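Asks: As input, take my_file_5.txt (compact mmCIF, C-alpha atoms and all ligand atoms):
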# COMPACT_ATOMS: atom_id res chain seq x y z
CA MET A 1 215.73 320.87 99.13
CA ASP A 2 212.75 319.28 100.84
CA MET A 3 210.24 318.76 98.03
CA ASN A 4 207.23 318.90 100.31
CA LYS A 5 208.24 322.32 101.59
CA LEU A 6 208.63 323.58 98.06
CA LEU A 7 205.25 322.13 97.07
CA ASN A 8 203.58 323.75 100.04
CA ILE A 9 204.45 327.26 98.93
CA LEU A 10 203.10 326.78 95.41
CA PRO A 11 199.59 327.94 94.50
CA ASN A 12 197.13 325.03 94.37
CA ASN A 13 196.60 325.01 90.61
CA VAL A 14 200.37 324.90 89.94
CA ARG A 15 200.95 322.44 92.71
CA HIS A 16 198.70 319.72 91.42
CA ARG A 17 200.30 319.95 88.00
CA VAL A 18 203.91 319.59 89.18
CA GLU A 19 203.29 317.15 92.04
CA PRO A 20 203.34 314.00 89.85
CA TYR A 21 206.76 314.97 88.44
CA PHE A 22 208.21 315.54 91.89
CA ASP A 23 206.77 312.24 92.88
CA ALA A 24 208.40 310.48 89.91
CA ALA A 25 211.73 312.18 90.63
CA GLU A 26 211.53 310.91 94.19
CA VAL A 27 211.13 307.32 92.97
CA LEU A 28 213.98 307.57 90.48
CA THR A 29 216.43 309.26 92.85
CA ALA A 30 215.70 306.67 95.56
CA VAL A 31 217.42 303.93 93.50
CA LYS A 32 221.05 303.92 94.65
CA ASP A 33 222.63 300.98 92.79
CA PRO A 34 223.76 302.19 89.33
CA ARG A 35 223.15 298.77 87.75
CA VAL A 36 219.62 298.66 89.08
CA MET A 37 219.19 302.24 87.90
CA ALA A 38 220.40 301.24 84.43
CA SER A 39 217.63 298.67 84.29
CA LEU A 40 214.79 300.59 85.96
CA GLY A 41 215.80 304.16 85.09
CA PRO A 42 214.92 304.32 81.37
CA ALA A 43 211.68 302.42 82.01
CA GLY A 44 210.99 304.84 84.87
CA VAL A 45 211.41 307.85 82.61
CA ARG A 46 209.16 306.30 79.96
CA GLY A 47 206.53 305.22 82.49
CA LEU A 48 206.51 307.92 85.16
CA LEU A 49 207.53 311.06 83.29
CA LEU A 50 206.42 310.41 79.71
CA GLN A 51 203.48 308.22 80.81
CA ARG A 52 203.96 306.00 77.78
CA GLY A 53 201.32 303.57 79.03
CA LYS A 54 198.72 306.33 78.73
CA GLN A 55 199.65 307.72 75.33
CA GLY A 56 197.15 305.75 73.29
CA VAL A 57 197.51 302.80 70.93
CA PRO A 58 199.98 301.31 70.15
CA THR A 59 202.62 301.13 72.87
CA LEU A 60 205.79 299.72 71.34
CA ILE A 61 208.54 298.25 73.50
CA GLN A 62 211.80 297.04 71.93
CA ALA A 63 212.65 293.41 72.75
CA HIS A 64 216.33 292.44 72.88
CA HIS A 65 216.45 288.80 73.90
CA GLU A 66 217.82 285.81 72.00
CA ALA A 67 215.56 282.91 71.09
CA PHE A 68 217.11 279.69 72.38
CA PHE A 69 216.65 276.56 70.21
CA ASP A 70 217.64 273.00 71.10
CA TRP A 71 217.35 270.32 68.36
CA THR A 72 218.12 267.48 70.78
CA TYR A 73 214.91 267.88 72.82
CA PRO A 74 216.34 267.04 76.23
CA SER A 75 213.93 265.91 78.90
CA ASP A 76 215.85 266.55 82.08
CA GLN A 77 213.68 268.79 84.28
CA PRO A 78 211.23 266.50 86.11
CA GLU A 79 209.62 269.30 88.15
CA MET A 80 208.89 271.26 84.97
CA GLN A 81 207.52 268.12 83.30
CA ASP A 82 205.19 267.65 86.22
CA LEU A 83 204.03 271.26 85.98
CA TYR A 84 203.43 270.79 82.24
CA ARG A 85 201.36 267.68 82.89
CA ARG A 86 199.31 269.44 85.58
CA ALA A 87 198.87 272.53 83.39
CA LYS A 88 197.43 270.43 80.56
CA LEU A 89 194.94 268.83 82.94
CA GLY A 90 194.10 272.18 84.50
CA GLN A 91 193.01 273.96 81.30
CA TRP A 92 189.51 275.45 81.49
CA ASN A 93 187.24 277.31 79.12
CA GLY A 94 186.17 280.71 80.38
CA ASP A 95 183.07 280.73 78.11
CA THR A 96 181.48 277.63 79.53
CA TYR A 97 183.06 277.27 82.93
CA LEU A 98 182.11 280.62 84.49
CA PRO A 99 178.52 281.66 85.36
CA TRP A 100 178.35 284.66 83.00
CA HIS A 101 174.55 284.77 83.34
CA THR A 102 175.05 286.18 86.88
CA ASP A 103 173.45 289.58 87.19
CA VAL A 104 176.14 291.81 88.67
CA ASP A 105 174.87 294.96 90.33
CA PRO A 106 177.92 296.65 91.86
CA GLU A 107 175.71 298.90 93.98
CA ASN A 108 173.55 296.18 95.51
CA PRO A 109 174.40 296.18 99.26
CA GLU A 110 173.20 292.56 99.55
CA VAL A 111 175.96 291.28 97.27
CA PRO A 112 178.89 293.68 97.77
CA ILE A 113 181.82 293.31 95.39
CA VAL A 114 183.98 294.37 98.34
CA PRO A 115 182.93 295.46 101.84
CA LYS A 116 182.21 299.10 102.45
CA HIS A 117 185.34 299.60 104.52
CA PHE A 118 187.71 298.56 101.77
CA LEU A 119 188.78 302.24 101.68
CA ASN A 120 189.61 304.42 104.68
CA ILE A 121 186.57 306.69 104.41
CA ALA A 122 187.14 308.13 107.91
CA LYS A 123 190.52 309.45 106.81
CA LEU A 124 188.92 311.12 103.79
CA ARG A 125 186.48 312.80 106.17
CA ASP A 126 189.41 314.00 108.32
CA PHE A 127 190.78 315.69 105.23
CA GLY A 128 187.50 317.51 104.69
CA ILE A 129 185.98 315.27 102.00
CA LYS A 130 182.34 314.57 102.70
CA LEU A 131 180.66 311.88 100.64
CA THR A 132 177.04 310.81 100.54
CA ASP A 133 176.23 307.10 100.93
CA LYS A 134 175.73 306.87 97.19
CA GLU A 135 179.09 308.53 96.50
CA GLU A 136 180.82 306.20 98.95
CA SER A 137 179.55 303.13 97.14
CA ARG A 138 180.41 304.72 93.80
CA LEU A 139 183.97 305.33 95.00
CA THR A 140 184.32 301.77 96.26
CA TYR A 141 182.98 300.58 92.91
CA ASP A 142 185.63 302.64 91.12
CA MET A 143 188.35 301.20 93.33
CA VAL A 144 187.31 297.69 92.32
CA ALA A 145 187.15 298.69 88.65
CA TRP A 146 190.62 300.19 89.04
CA MET A 147 192.04 297.02 90.61
CA LEU A 148 190.45 294.80 87.97
CA SER A 149 191.73 297.08 85.19
CA GLN A 150 195.25 296.77 86.57
CA PHE A 151 194.80 292.99 86.74
CA LEU A 152 193.82 293.04 83.09
CA HIS A 153 196.81 295.17 82.07
CA GLY A 154 199.08 292.99 84.18
CA GLU A 155 197.67 289.93 82.39
CA GLN A 156 198.48 291.47 79.02
CA GLY A 157 202.04 291.99 80.30
CA ALA A 158 202.07 288.38 81.46
CA LEU A 159 200.80 287.10 78.10
CA LEU A 160 203.56 288.82 76.15
CA ALA A 161 206.27 288.13 78.73
CA ALA A 162 205.30 284.44 78.95
CA ALA A 163 205.74 284.22 75.17
CA GLN A 164 209.18 285.90 75.39
CA VAL A 165 210.23 283.65 78.23
CA THR A 166 209.17 280.57 76.25
CA GLU A 167 211.51 281.68 73.46
CA ALA A 168 214.40 282.67 75.67
CA VAL A 169 214.55 279.90 78.29
CA GLN A 170 217.21 277.22 77.82
CA PHE A 171 215.28 274.33 79.44
CA PHE A 172 213.36 272.40 76.82
CA ASP A 173 210.83 271.16 79.38
CA GLY A 174 210.42 274.81 80.30
CA LYS A 175 209.44 275.70 76.72
CA LEU A 176 206.68 273.10 76.70
CA TYR A 177 205.45 274.26 80.07
CA GLY A 178 205.76 277.90 78.96
CA ALA A 179 203.35 277.31 76.08
CA THR A 180 200.65 276.37 78.61
CA GLN A 181 201.33 279.55 80.50
CA VAL A 182 200.87 281.61 77.34
CA MET A 183 197.45 279.97 76.94
CA ASP A 184 196.63 280.55 80.62
CA GLU A 185 197.45 284.25 80.33
CA ALA A 186 195.37 284.60 77.17
CA ARG A 187 192.43 283.13 79.08
CA HIS A 188 193.05 285.55 81.97
CA VAL A 189 193.05 288.53 79.60
CA GLU A 190 189.83 287.19 78.09
CA VAL A 191 187.91 286.71 81.35
CA PHE A 192 189.03 289.91 83.08
CA HIS A 193 188.25 291.94 79.99
CA ARG A 194 184.86 290.33 79.63
CA TYR A 195 184.06 291.01 83.29
CA LEU A 196 185.07 294.68 83.07
CA ASP A 197 183.39 295.18 79.74
CA THR A 198 180.07 293.46 80.34
CA LYS A 199 179.61 293.67 84.12
CA MET A 200 181.36 296.83 85.30
CA ASN A 201 181.39 298.96 82.13
CA LYS A 202 184.53 300.73 83.16
CA LEU A 203 188.22 300.44 82.24
CA TYR A 204 191.05 302.43 83.81
CA GLN A 205 194.34 303.16 82.05
CA ILE A 206 197.46 301.30 83.12
CA ASN A 207 199.06 302.51 86.35
CA ASP A 208 202.41 304.17 85.58
CA ASN A 209 204.31 302.07 88.11
CA LEU A 210 202.98 298.82 86.72
CA PHE A 211 203.97 300.07 83.26
CA VAL A 212 207.54 300.74 84.48
CA ILE A 213 207.92 297.17 85.68
CA ILE A 214 206.48 295.65 82.50
CA ASP A 215 208.57 297.97 80.29
CA ALA A 216 211.78 297.16 82.22
CA LEU A 217 211.42 293.40 81.96
CA MET A 218 210.10 293.24 78.39
CA GLY A 219 213.16 295.12 77.14
CA ASP A 220 215.77 293.32 79.27
CA SER A 221 217.78 290.89 77.17
CA ARG A 222 218.66 288.56 80.07
CA TRP A 223 216.24 285.64 80.32
CA ASP A 224 216.60 285.32 84.07
CA MET A 225 215.68 288.99 84.59
CA LYS A 226 212.50 288.41 82.63
CA PHE A 227 211.75 285.41 84.80
CA LEU A 228 212.50 287.26 87.98
CA GLY A 229 210.39 290.25 86.94
CA MET A 230 207.49 288.31 85.56
CA GLN A 231 207.28 284.97 87.32
CA ILE A 232 208.28 286.13 90.78
CA MET A 233 207.49 289.83 91.11
CA VAL A 234 204.52 290.51 88.82
CA GLU A 235 202.99 287.09 89.49
CA GLY A 236 203.48 287.78 93.22
CA LEU A 237 201.65 291.07 92.81
CA ALA A 238 198.92 289.26 90.91
CA LEU A 239 198.52 286.60 93.58
CA GLY A 240 198.35 289.31 96.25
CA ALA A 241 195.71 291.27 94.43
CA PHE A 242 193.66 288.27 93.27
CA GLY A 243 193.86 286.69 96.70
CA THR A 244 192.65 289.82 98.45
CA LEU A 245 189.72 290.34 96.15
CA TYR A 246 188.87 286.64 96.23
CA SER A 247 188.65 286.57 100.01
CA LEU A 248 186.71 289.85 100.23
CA THR A 249 184.17 289.61 97.44
CA LYS A 250 180.65 288.25 97.83
CA GLU A 251 179.94 288.55 94.11
CA PRO A 252 179.70 284.92 92.93
CA LEU A 253 180.89 285.35 89.32
CA LEU A 254 183.98 287.33 90.29
CA LYS A 255 184.75 284.91 93.11
CA GLU A 256 184.66 281.90 90.80
CA LEU A 257 186.67 283.72 88.14
CA LEU A 258 189.40 284.62 90.66
CA LYS A 259 189.46 281.12 92.09
CA MET A 260 190.20 279.68 88.66
CA VAL A 261 192.81 282.30 87.84
CA ILE A 262 194.61 281.87 91.20
CA GLN A 263 195.04 278.16 90.55
CA ASP A 264 196.72 278.90 87.21
CA GLU A 265 198.90 281.60 88.74
CA ALA A 266 200.09 279.27 91.50
CA ARG A 267 201.64 277.07 88.77
CA HIS A 268 203.26 280.09 87.10
CA VAL A 269 205.07 281.20 90.25
CA HIS A 270 206.07 277.60 90.98
CA TYR A 271 207.67 277.42 87.54
CA GLY A 272 209.54 280.68 88.22
CA VAL A 273 210.96 279.29 91.44
CA VAL A 274 212.05 276.02 89.81
CA ALA A 275 213.69 277.77 86.85
CA LEU A 276 215.57 280.37 88.89
CA ARG A 277 216.57 278.42 92.01
CA GLU A 278 219.38 276.46 90.45
CA HIS A 279 220.46 279.22 88.10
CA PHE A 280 220.86 281.86 90.82
CA ASN A 281 222.57 279.50 93.23
CA THR A 282 225.04 277.95 90.82
CA GLN A 283 225.43 279.96 87.62
CA LEU A 284 225.81 283.55 88.74
CA SER A 285 228.81 285.41 90.11
CA PRO A 286 228.26 287.05 93.52
CA ARG A 287 228.17 290.41 91.76
CA GLU A 288 225.43 289.29 89.36
CA ARG A 289 223.46 287.75 92.19
CA ASN A 290 223.69 290.94 94.25
CA GLU A 291 222.41 292.95 91.32
CA ARG A 292 219.33 290.75 91.07
CA GLU A 293 218.83 290.90 94.80
CA ASP A 294 218.91 294.72 94.75
CA TRP A 295 216.67 294.86 91.68
CA SER A 296 213.99 292.72 93.27
CA PHE A 297 214.13 294.75 96.48
CA GLU A 298 213.61 297.99 94.52
CA VAL A 299 210.75 296.46 92.56
CA ALA A 300 209.17 295.19 95.80
CA LEU A 301 209.32 298.72 97.19
CA LEU A 302 207.85 300.12 94.00
CA MET A 303 204.95 297.71 94.43
CA ARG A 304 204.51 298.46 98.11
CA ASN A 305 204.71 302.23 97.95
CA ARG A 306 203.33 303.05 94.58
CA PHE A 307 200.42 300.81 93.74
CA LEU A 308 198.03 303.29 95.31
CA ALA A 309 195.20 303.90 92.87
CA TRP A 310 196.49 307.24 91.58
CA GLU A 311 194.12 307.03 88.64
CA VAL A 312 191.17 306.97 91.06
CA TYR A 313 192.69 309.91 92.95
CA GLU A 314 192.95 311.90 89.73
CA GLU A 315 189.36 311.19 88.84
CA TRP A 316 187.87 311.94 92.26
CA PHE A 317 190.11 314.15 94.33
CA GLU A 318 192.70 316.00 92.26
CA GLY A 319 192.60 319.61 93.41
CA ARG A 320 190.67 318.66 96.57
CA LEU A 321 193.33 316.51 98.23
CA THR A 322 197.11 316.67 97.89
CA ARG A 323 198.90 313.58 96.62
CA SER A 324 200.43 312.97 100.03
CA GLN A 325 196.97 313.11 101.64
CA TRP A 326 195.69 310.55 99.13
CA LYS A 327 198.75 308.42 99.82
CA GLU A 328 197.80 308.43 103.48
CA VAL A 329 194.21 307.45 102.68
CA ALA A 330 195.35 304.63 100.39
CA THR A 331 198.09 303.21 102.61
CA THR A 332 195.74 303.08 105.60
CA SER A 333 192.84 301.55 103.66
CA PRO A 334 192.06 298.05 104.98
CA GLY A 335 191.58 296.61 101.49
CA LEU A 336 194.96 297.82 100.24
CA GLU A 337 196.70 296.82 103.49
CA GLU A 338 195.33 293.33 103.01
CA PHE A 339 196.54 293.33 99.41
CA ARG A 340 200.08 294.22 100.46
CA HIS A 341 199.99 291.53 103.12
CA VAL A 342 198.90 288.76 100.73
CA MET A 343 201.34 289.96 98.05
CA PHE A 344 204.41 289.90 100.30
CA SER A 345 203.44 286.69 102.04
CA ARG A 346 203.69 285.12 98.57
CA MET A 347 206.63 287.06 97.14
CA VAL A 348 209.19 287.17 99.97
CA PRO A 349 209.40 283.38 100.59
CA ASN A 350 209.90 282.90 96.84
CA LEU A 351 212.79 285.35 96.84
CA ARG A 352 214.28 283.37 99.71
CA GLU A 353 213.82 280.09 97.84
CA ILE A 354 215.66 281.33 94.73
CA GLY A 355 218.53 282.69 96.81
CA LEU A 356 217.76 286.42 96.72
CA LEU A 357 217.34 286.94 100.44
CA SER A 358 220.92 286.85 101.68
CA ASP A 359 222.11 288.33 104.97
CA ARG A 360 223.34 291.32 102.96
CA ILE A 361 219.82 292.37 101.87
CA LYS A 362 217.78 291.16 104.87
CA PRO A 363 218.30 294.34 106.94
CA HIS A 364 216.75 296.37 104.10
CA TYR A 365 213.62 294.22 104.19
CA GLU A 366 213.60 294.50 107.97
CA GLN A 367 213.74 298.29 107.73
CA VAL A 368 210.53 298.38 105.74
CA GLY A 369 208.80 295.83 107.95
CA LEU A 370 208.83 292.89 105.55
CA ASN A 371 210.86 290.52 107.74
CA LYS A 372 207.70 288.89 109.08
CA TYR A 373 207.41 287.10 105.73
CA PHE A 374 210.92 285.56 105.75
CA GLY A 375 209.74 282.16 107.00
CA GLY A 376 206.61 281.68 104.82
CA LYS A 377 205.96 278.89 102.32
CA SER A 378 207.44 279.28 98.84
CA ALA A 379 205.48 278.45 95.68
CA ASP A 380 206.98 274.97 95.36
CA GLU A 381 205.63 274.09 98.81
CA ILE A 382 202.02 275.09 98.25
CA THR A 383 199.46 274.12 95.60
CA GLY A 384 196.74 276.32 94.12
CA ASP A 385 194.10 274.40 96.11
CA GLU A 386 195.95 274.98 99.38
CA MET A 387 196.22 278.66 98.52
CA ILE A 388 192.46 278.84 98.03
CA ASP A 389 191.84 277.04 101.35
CA GLU A 390 194.12 279.49 103.13
CA LEU A 391 192.32 282.46 101.56
CA ASP A 392 188.92 280.98 102.43
CA SER A 393 189.73 280.74 106.12
CA ALA A 394 191.52 284.13 106.19
CA GLY A 395 188.61 285.71 104.29
CA VAL A 396 186.12 284.90 107.05
CA GLN A 397 188.25 286.65 109.68
CA HIS A 398 189.02 289.68 107.53
CA HIS A 399 185.40 290.13 106.61
CA ALA A 400 184.46 290.21 110.26
CA ALA A 401 187.27 292.67 111.02
CA MET A 402 186.38 295.00 108.14
CA SER A 403 182.67 294.99 108.85
CA ALA A 404 183.44 295.95 112.45
CA ALA A 405 185.84 298.72 111.40
FE FE B 501 197.68 285.49 84.61
FE FE B 502 200.51 284.24 85.37
As structure tokens, what does this structure read like?
Replies:
Amino acid sequence: MDMNKLLNILPNNVRHRVEPYFDAAEVLTAVKDPRVMASLGPAGVRGLLLQRGKQGVPTLIQAHHEAFFDWTYPSDQPEMQDLYRRAKLGQWNGDTYLPWHTDVDPENPEVPIVPKHFLNIAKLRDFGIKLTDKEESRLTYDMVAWMLSQFLHGEQGALLAAAQVTEAVQFFDGKLYGATQVMDEARHVEVFHRYLDTKMNKLYQINDNLFVIIDALMGDSRWDMKFLGMQIMVEGLALGAFGTLYSLTKEPLLKELLKMVIQDEARHVHYGVVALREHFNTQLSPRERNEREDWSFEVALLMRNRFLAWEVYEEWFEGRLTRSQWKEVATTSPGLEEFRHVMFSRMVPNLREIGLLSDRIKPHYEQVGLNKYFGGKSADEITGDEMIDELDSAGVQHHAAMSAA
């Protein structure tokens, strides 16, 4: 039965209570491959239906991986050694390096955190929502607080996953490098939390879809699935989100903070590509490779279709807009469109580089319009500095386009 039709005949107060469950069922039933379902399904039930991420402290996730020791200390991965060397030189102290004295006033129009047209306000108006100027800037403020909160939760996922990956990986050079990533992620948690706590005074709960991804990869016993989930997919999401906010914001403290974090993240994704490239191309059976290819496609879709600020919707519009109306507002919002663009321009070339973009899966990416990213640069071909330069020049154009919108 068509779920939308069923929803339409329900009274409003019932409808907005059952809609999230229908929505979750739609995500879970969309996954066709049983092996992918076995990996994402239980995490999906915990995240989307039980909303484990929102059930208060603590959230416990069972880990099942083996810790890999090597008492011969081989030094046979030159690209990882180089990343380790660069990571040591690139360490920075968030306390002293960032201008925390900056007075952040999120409602000051002279120094906007993001431009006014980050959200599709016109679409909201079409749906009968009228906001005053003050409410519009409040809503934009909440969107930024929501994005930064998700960054922070993603960073906590990265901190714990980086520690797991350091234990589980078989490359000794990778373990040394991994330790620097653990430190990087700790610093990211520290600076994002400090920014939210002392400058924005607001923290949103973890988005259910982000929770599903973190839950699925933390509990997977296969080291390469953790790498794929964390270093390629979640780091790709992070680079997309950080990059978008970096190029849009005029707030100097946040801009500097993001610039520093992006440079660290560029190394993390590079490491993921180096570690997985050889493994996927030489160590896996075609069946195992296909499973990973399907898994990453499903996760990419989850990120594209589902990272839509539902927590902001619930706070502002639940009962006034249907979920599908909000989805339309969010998917057509310039700020979120830009985020998806930056995310996929980073993620898809990396999937290609590690061998997860075969002719078998390409038509699926084409169907959802992601083929334009097939030829982009992968993480091993671009440094953090180059990424920042690219964002700086793109930022000027997008700012002009959004201000004119
Ligand atoms: Fe990070
Ligand atoms: Fe990272």
Asks: Using all atoms listed in the file, I'd like a table of the residues in chain A that come within 9 Å of ligand FE 502 (chain B); for each, show the closest atom pair and its distance in Å rounded to one decimal, ordered by chain and ascending number, as a Markdown table.
Replies:
| residue | atom | partner | partner_atom | distance |
| --- | --- | --- | --- | --- |
| A:Gly154 | CA | B:FE502 | FE | 8.9 |
| A:Glu155 | CA | B:FE502 | FE | 7.0 |
| A:Ala158 | CA | B:FE502 | FE | 5.9 |
| A:Leu159 | CA | B:FE502 | FE | 7.8 |
| A:Ala162 | CA | B:FE502 | FE | 8.0 |
| A:Gln181 | CA | B:FE502 | FE | 6.8 |
| A:Val182 | CA | B:FE502 | FE | 8.5 |
| A:Asp184 | CA | B:FE502 | FE | 7.2 |
| A:Glu185 | CA | B:FE502 | FE | 5.9 |
| A:His188 | CA | B:FE502 | FE | 8.3 |
| A:Met230 | CA | B:FE502 | FE | 8.1 |
| A:Gln231 | CA | B:FE502 | FE | 7.1 |
| A:Val234 | CA | B:FE502 | FE | 8.2 |
| A:Glu235 | CA | B:FE502 | FE | 5.6 |
| A:Ala238 | CA | B:FE502 | FE | 7.6 |
| A:Leu239 | CA | B:FE502 | FE | 8.8 |
| A:Val261 | CA | B:FE502 | FE | 8.3 |
| A:Ile262 | CA | B:FE502 | FE | 8.6 |
| A:Asp264 | CA | B:FE502 | FE | 6.8 |
| A:Glu265 | CA | B:FE502 | FE | 4.6 |
| A:Ala266 | CA | B:FE502 | FE | 7.9 |
| A:Arg267 | CA | B:FE502 | FE | 8.0 |
| A:His268 | CA | B:FE502 | FE | 5.3 |
| A:Val269 | CA | B:FE502 | FE | 7.3 |
Asks: Using all atoms listed in the file, which residues sit within 10 Å of Glu353 in chain A once same-chain residues fewer than 2 positions away are excluded, as JSON, numbers by chain?
Replies: {"A": [273, 274, 276, 277, 278, 281, 348, 349, 350, 351, 355, 356, 357, 377, 378, 379, 380]}
Asks: Quick one: distance from CA of Arg125 in chain A to CA of Asn207 in chain A in Å, one decimal?
Replies: 25.6 Å
Asks: Measure the distance from CA of Arg222 in chain A to CA of Ser358 in chain A in Å and round it to one decimal.
Replies: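 The value is 21.8 Å.
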Asks: Return the single residue from A:Trp92, A:Tyr84, A:Trp223, A:Phe242 that is closest to ligand FE 501 (chain B), with distances computed using only C-alpha atoms and all ligand atoms.
Replies: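 Checking each candidate against ligand FE 501 (chain B), we get A:Phe242 as the closest.
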Asks: Grab the CA of Leu176 in chain A to CA of Ser296 in chain A distance for me, in Å with one decimal place.
Replies: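 Distance reported for this atom pair: 26.7 Å.
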